[in-house]
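*Asks:* One structure follows; several queries about it will come next.
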Amino acid sequence: MINFELSENDRKVIEGLRAQALVARQYARYYDENEHEFPPDELEEAKNFPSLSELLEGRTDQDTPISVLGMLIVAAQTWGDYSVRMRRERGGLGNAALRAAGTPEQIEKWQGLILAMAITEPGCGSDPSMVQMSAVLDGDEWVLNGEKIFVTTGCRADGVIVWATLDKSAGRAGIKSFLVEKGTPGFVVTHKEKKLGIRADDTAAYVFKDCRIPRENLIGLQEEIPKHSSGGFRNVMKTFNMTRPGVAAIGIGMAEAALDFTRDHLRDAGIEIEYGGGIHGASAVVERFRRLEALCEAAQLTIWRAAWLSGEGQPNNMEASVCKAKAGAAVREITQGCIEILGPMGVSRDHLLEKWFRDVRITDIYEGTGEIQRMIIARGLFDYTRAELN
Amino acid sequence: MISFKLTDEQEMVRDAMRDFAAEALRPIGRKCDEESKLSEATLAQIWELGLVSTQLPEDFGGAGEPRSPITQALVLEELAWGDATLALAAVAPAAFAFAIADHGTDEQKRQYLPLFCGASYHAASLAAIEPGPTFDVLRPNTVAEPHPRGFVLCGAKCLVPMADRASHFLVVAQSRDGLDAFIVPRDAKGLQISEPEKNLGLRALPTAGLALDRVEVAASDRLGGESGSDLRRLLAGSRTALAAAMVGVARAAVEYAVPYAKDRVAFGQAIAQKQGIAFKVADMHIETEASRWLVWKAACQLELGLDATRSAHFARSYAAEQCLAVTDAGIQVLGGHGFVREHPVEMWYRNARTLGVLEGTLAV
């Protein structure tokens, strides 16, 4: 049956994580202002908190399926702070790509590593088919040459899944992904980006110069370039159907933090938010706040929808884009609006609201901008191929 | 637990309503709008579906099926997809009947529920809205003063659906106990029903204003009798229902814009292949979906017996805004063709704007 109420067990998980998130929040400002320090994996004060797996014990089929609960878990963590997450989950986008496209042996071999994902280059972002980085087979080794930027967790990762082309003239079909471990000669982390937000999250730039890796580091092990399809490209893109709702949830956690902060300060000022009445009996501030709350709920529900479909094993290509586009825009409007409501308190670095405003901005960009999501949605609606709508 | 799973029965009902809306409502909606007149045959046809009576208790002539706000929301989306005006007209009696079923005394149920269990359409309406720009449904200007035999009602209502034929009105008023509703028969002394209103949209829906000039009602005519009723819950149900209808209208606009944009060629390609149009249609879809999940959330809380005030508030305010934006964009996609009455989009745009100001017209 349709249901949107959390079970006792669900609540236990989310409340447990939020308690820990409050500890992380105490460090949020420090790691924002000290961009080049890494937050620790575990904070001393949080040592005795239950782990996620402990919180997840004893779940039944009366509880929210893990596909959807995962979205609430992400949001509960970023509600504390985006970058300072205790007992940081092992693995990044690269791990998701490995699981989606690797052979069983490859998954077995590398799943213990924290893997970043390197797609974007100085000259290509939203259109990954323009990848210039090259991979050439030389004996039993691939030789990689090229540059990658905007690699999330690129500094702290143990390795990276990197996209390179075997043949630029083959377009998308020529693009393959490779695993490169840190320390491989010819693979250099050149710098960490300075950013508007999510400053404590390391975003790296890589250079590969005659970097040699074993032949079996080709993810999926398919060396030939298919003539009539985009080859493994489609499989790799499928990764995003799983991760996009998660990225949307990252933003929602911070938007909820902004709404909670604003609600608390309005209450301190004697302004209670009332529901059920029309706009005529409400002040402009109350009405503005209610609209931002409704927007947050709407965006959150689109995320749950996409995640739920995925958990049910149903296609969610469009829904993943719907929630990413919706939440990416909503969290910007929500944090912008909260600052407007609180005024000077909103822009002061004595509080975290201005930081949430900066941090959420990335969620409408990475893993596909809002425009890319709309392209995918429109292709779905019109039943168009990539060639017909781009 | 969070789940978007419809029961098998809900899927069946939704599919049946989808077919019915396409066959019985969509083809006749425009004609009704042009003539500002309902199709009585269609009204009778919808009544036969038993959307009201099946969910009323067997003791009072109904089929005794469990009330499901979720199922009702699904039904309303589909019917409004076909035609919002006909959907509202057909289901408006539920706002009265469900209010009695949920909040009425045994005596009120005995007296009124059988009216809605007959073979032919029976009209009775909830009168919530008041004229004037400062109207707030939680703070009506219509008042109910105590009187030796009950209450005296004074005030004015407007946009009361099916007012041309309703046998009874459930009038929302401020009493000394707070917010209350009172059953007022059509021929009550002091009650004046205005000429039919002429509105922007939902033109075929017969609405009228009520002038209540010291209308006396018995104490037993207060909804819920001595203990009164939970009007907030009743209004939350009505808002969820209206929001569900708005989702149906929005979806109609999306589904109309998609094939049009694929067919219409400009500068050598279908306008759907241009980002300016494609992104607009994508946004129409995004907001229709988002609105629907808000409706489902409110309906789910109502179904579980939880306080749905906040979620119904969000469902209605969000769906109203987005239904308008979606139909507005629908017109833009069609360009000049969206503006002419040959296509239904301008009607949906007017209906969307009108739906957004209603209160208490429907129920889930």
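Identifiers in this document derive from the order of the structure tokens: chains are assigned A, B, ..., residues are numbered from 1 separately in each chain, and ligands are numbered from 1 in order of occurrence.
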Which polymer residues have any atom within 12 Å of an atom of Met1 of chain B, counting only C-alpha atoms, with same-chain residues fewer than 6 positions away left out, as a PDB file with C-alpha atoms, in the first residue's frame?

*Replies:*
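File produced: out21.pdb:
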```pdb
ATOM      1  CA  MET A   1       0.000   0.000   0.000  1.00  0.00           C
ATOM      2  CA  ILE A   2       1.087   3.563  -0.647  1.00  0.00           C
ATOM      3  CA  ASN A   3       2.668   4.856   2.518  1.00  0.00           C
ATOM      4  CA  PHE A   4       5.002   7.674   3.432  1.00  0.00           C
ATOM      5  CA  GLU A   5       5.189   7.222   7.193  1.00  0.00           C
ATOM      6  CA  LEU A   6       8.419   6.065   8.770  1.00  0.00           C
ATOM      7  CA  SER A   7       8.291   2.919  10.885  1.00  0.00           C
ATOM      8  CA  GLU A   8       9.688   2.741  14.437  1.00  0.00           C
ATOM      9  CA  ASN A   9      12.844   1.106  13.065  1.00  0.00           C
ATOM     10  CA  ASP A  10      13.197   3.710  10.307  1.00  0.00           C
ATOM     11  CA  ARG A  11      12.957   6.470  12.864  1.00  0.00           C
ATOM     12  CA  ARG A  59      14.731  -4.548  10.297  1.00  0.00           C
ATOM     13  CA  THR A  60      11.663  -6.333   8.918  1.00  0.00           C
ATOM     14  CA  ASP A  61       9.544  -6.099   5.782  1.00  0.00           C
ATOM     15  CA  GLN A  62       7.372  -3.602   7.641  1.00  0.00           C
ATOM     16  CA  ASP A  63      10.229  -1.121   7.438  1.00  0.00           C
ATOM     17  CA  THR A  64      11.148   1.150   4.555  1.00  0.00           C
ATOM     18  CA  PRO A  65      13.100  -0.761   1.885  1.00  0.00           C
ATOM     19  CA  ILE A  66      16.793  -0.026   2.018  1.00  0.00           C
ATOM     20  CA  SER A  67      16.732   1.541  -1.477  1.00  0.00           C
ATOM     21  CA  VAL A  68      14.566   4.372  -0.135  1.00  0.00           C
ATOM     22  CA  LEU A  69      15.961   4.420   3.382  1.00  0.00           C
ATOM     23  CA  TRP A 304      11.921   8.550  -2.837  1.00  0.00           C
ATOM     24  CA  TRP A 308      11.731   3.071  -4.675  1.00  0.00           C
TER      25      TRP A 308
ATOM     26  CA  CYS B 300      -1.967   8.382   2.860  1.00  0.00           C
TER      27      CYS B 300
END
```

*Asks:* Residues of chain B within 9 Å of chain A, using only C-alpha atoms, as a PyMOL selection string?

*Replies:* chain B and resi 1-7+70+133-139+232+235-236+258-259+261-262+272-275+278-283+285-287+289-294+296-297+300-301+304+309-315+317-318

*Asks:* Apply DSSP to the structure's backbone, then extract all residues of segment 163-351 of chain A labelled alpha helix (DSSP H) and return them as a PyMOL selection string.

*Replies:* chain A and resi 233-268+284-311+317-342+344-347

*Asks:* Between atom CA of Gly154 of chain A and atom CA of Ala100 of chain A, measure the distance and give it in Å to one decimal.

*Replies:*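 So the two atoms, atom CA of Gly154 of chain A and atom CA of Ala100 of chain A, lie 20.0 Å apart.
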
*Asks:* Between atom CA of Pro66 of chain B and atom CA of Arg14 of chain B, what is the distance in Å, rounded to a tenth?

*Replies:* 16.6 Å

*Asks:* Report, in Å with one decimal, the straight-line distance from atom CA of Pro69 of chain B to atom CA of Gly237 of chain B.

*Replies:*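 Result for atom CA of Pro69 of chain B versus atom CA of Gly237 of chain B: 7.8 Å, one decimal.
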
*Asks:* Find the spatial neighbours of Met71 of chain A, counting only C-alpha atoms, within a cut-off of 7 Å - ignore same-chain residues fewer than 4 positions away - and output them as a list of chain:residue names.

*Replies:* A:Ala75, A:Gly246, A:Ala249

*Asks:* Create the file for the chosen residues now, containing all heavy atoms and written as a PDB file, in the first residue's frame.

*Replies:*
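Output saved as out22.pdb:
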```
ATOM      1  N   ALA A  75      20.550  11.984   3.511  1.00  0.00           N
ATOM      2  CA  ALA A  75      20.063  13.306   3.918  1.00  0.00           C
ATOM      3  C   ALA A  75      20.323  13.561   5.404  1.00  0.00           C
ATOM      4  O   ALA A  75      20.647  14.680   5.801  1.00  0.00           O
ATOM      5  CB  ALA A  75      18.568  13.445   3.597  1.00  0.00           C
ATOM      6  N   GLY A 246      20.783   9.742  -4.990  1.00  0.00           N
ATOM      7  CA  GLY A 246      21.629   9.975  -3.822  1.00  0.00           C
ATOM      8  C   GLY A 246      22.192  11.387  -3.790  1.00  0.00           C
ATOM      9  O   GLY A 246      22.253  12.028  -2.744  1.00  0.00           O
ATOM     10  N   ALA A 249      19.561  13.629  -2.755  1.00  0.00           N
ATOM     11  CA  ALA A 249      19.332  13.520  -1.307  1.00  0.00           C
ATOM     12  C   ALA A 249      20.378  14.304  -0.509  1.00  0.00           C
ATOM     13  O   ALA A 249      20.082  14.840   0.555  1.00  0.00           O
ATOM     14  CB  ALA A 249      19.333  12.051  -0.885  1.00  0.00           C
TER      15      ALA A 249
END
```

*Asks:* List as a ChimeraX atom specification the protein and nucleic acid residues near Pro114 of chain B, meaning an atom at most 12 Å away when only C-alpha atoms are counted, but skip any in the same chain fewer than 3 places from it.

*Replies:* /B:52-54,56-63,97,100-101,107-111,117-120,122

*Asks:* Save the residues we just selected, N, CA, C and O atoms, as a CSV table (one decimal), in the first residue's frame?

*Replies:*
```csv
chain,number,residue,atom,x,y,z
B,52,VAL,N,-19.6,7.5,-4.9
B,52,VAL,CA,-20.0,8.0,-3.6
B,52,VAL,C,-20.6,6.9,-2.7
B,52,VAL,O,-20.2,6.6,-1.6
B,53,SER,N,-21.6,6.2,-3.3
B,53,SER,CA,-22.4,5.3,-2.5
B,53,SER,C,-21.6,4.0,-2.1
B,53,SER,O,-21.8,3.5,-1.0
B,54,THR,N,-20.7,3.6,-2.9
B,54,THR,CA,-20.0,2.3,-2.5
B,54,THR,C,-19.2,2.5,-1.2
B,54,THR,O,-19.1,1.5,-0.5
B,56,LEU,N,-20.2,4.3,1.3
B,56,LEU,CA,-21.0,4.7,2.5
B,56,LEU,C,-21.4,3.4,3.2
B,56,LEU,O,-21.5,2.3,2.5
B,57,PRO,N,-21.7,3.4,4.5
B,57,PRO,CA,-22.0,2.2,5.2
B,57,PRO,C,-23.2,1.5,4.7
B,57,PRO,O,-24.2,2.1,4.3
B,58,GLU,N,-23.2,0.2,4.9
B,58,GLU,CA,-24.3,-0.6,4.4
B,58,GLU,C,-25.6,-0.3,5.2
B,58,GLU,O,-26.7,-0.3,4.6
B,59,ASP,N,-25.4,0.0,6.4
B,59,ASP,CA,-26.6,0.3,7.3
B,59,ASP,C,-27.5,1.5,6.7
B,59,ASP,O,-28.6,1.6,7.0
B,60,PHE,N,-26.8,2.3,5.9
B,60,PHE,CA,-27.5,3.5,5.3
B,60,PHE,C,-27.7,3.4,3.8
B,60,PHE,O,-27.9,4.4,3.1
B,61,GLY,N,-27.5,2.2,3.3
B,61,GLY,CA,-27.8,1.9,1.9
B,61,GLY,C,-26.6,1.9,1.0
B,61,GLY,O,-26.7,1.6,-0.2
B,62,GLY,N,-25.4,2.1,1.6
B,62,GLY,CA,-24.2,2.1,0.7
B,62,GLY,C,-23.7,0.7,0.6
B,62,GLY,O,-24.3,-0.3,1.0
B,63,ALA,N,-22.6,0.5,-0.1
B,63,ALA,CA,-22.0,-0.8,-0.3
B,63,ALA,C,-21.0,-1.2,0.8
B,63,ALA,O,-20.5,-2.3,0.8
B,97,ALA,N,-21.6,14.1,1.6
B,97,ALA,CA,-21.9,12.7,2.1
B,97,ALA,C,-20.8,12.2,3.0
B,97,ALA,O,-21.0,11.6,4.0
B,100,ILE,N,-20.7,13.8,6.4
B,100,ILE,CA,-21.7,13.2,7.3
B,100,ILE,C,-21.3,11.8,7.8
B,100,ILE,O,-21.4,11.5,9.0
B,101,ALA,N,-20.8,11.1,6.8
B,101,ALA,CA,-20.3,9.7,7.2
B,101,ALA,C,-19.2,9.7,8.2
B,101,ALA,O,-19.1,8.9,9.1
B,107,GLU,N,-28.0,10.0,14.0
B,107,GLU,CA,-29.2,10.5,13.5
B,107,GLU,C,-29.0,11.2,12.1
B,107,GLU,O,-29.8,11.0,11.2
B,108,GLN,N,-27.9,12.0,12.0
B,108,GLN,CA,-27.6,12.7,10.8
B,108,GLN,C,-27.3,11.6,9.7
B,108,GLN,O,-27.7,11.8,8.5
B,109,LYS,N,-26.6,10.6,10.0
B,109,LYS,CA,-26.3,9.5,9.0
B,109,LYS,C,-27.6,8.9,8.5
B,109,LYS,O,-27.8,8.7,7.3
B,110,ARG,N,-28.5,8.6,9.5
B,110,ARG,CA,-29.7,7.9,9.1
B,110,ARG,C,-30.5,8.8,8.2
B,110,ARG,O,-31.2,8.4,7.2
B,111,GLN,N,-30.5,10.1,8.5
B,111,GLN,CA,-31.3,11.0,7.7
B,111,GLN,C,-30.8,11.3,6.3
B,111,GLN,O,-31.5,11.4,5.4
B,117,CYS,N,-27.5,7.1,-1.9
B,117,CYS,CA,-27.3,5.7,-2.2
B,117,CYS,C,-28.4,5.2,-3.2
B,117,CYS,O,-28.5,4.0,-3.5
B,118,GLY,N,-29.1,6.2,-3.8
B,118,GLY,CA,-30.1,5.8,-4.8
B,118,GLY,C,-29.5,5.7,-6.1
B,118,GLY,O,-28.3,5.8,-6.3
B,119,ALA,N,-30.4,5.4,-7.1
B,119,ALA,CA,-29.9,5.1,-8.4
B,119,ALA,C,-29.6,6.4,-9.2
B,119,ALA,O,-28.8,6.3,-10.2
B,120,SER,N,-30.2,7.5,-8.8
B,120,SER,CA,-29.9,8.7,-9.6
B,120,SER,C,-29.2,9.7,-8.7
B,120,SER,O,-29.2,9.7,-7.5
B,122,HIS,N,-27.7,12.6,-6.7
B,122,HIS,CA,-28.3,13.5,-5.7
B,122,HIS,C,-27.3,14.5,-5.3
B,122,HIS,O,-26.2,14.2,-5.0
```
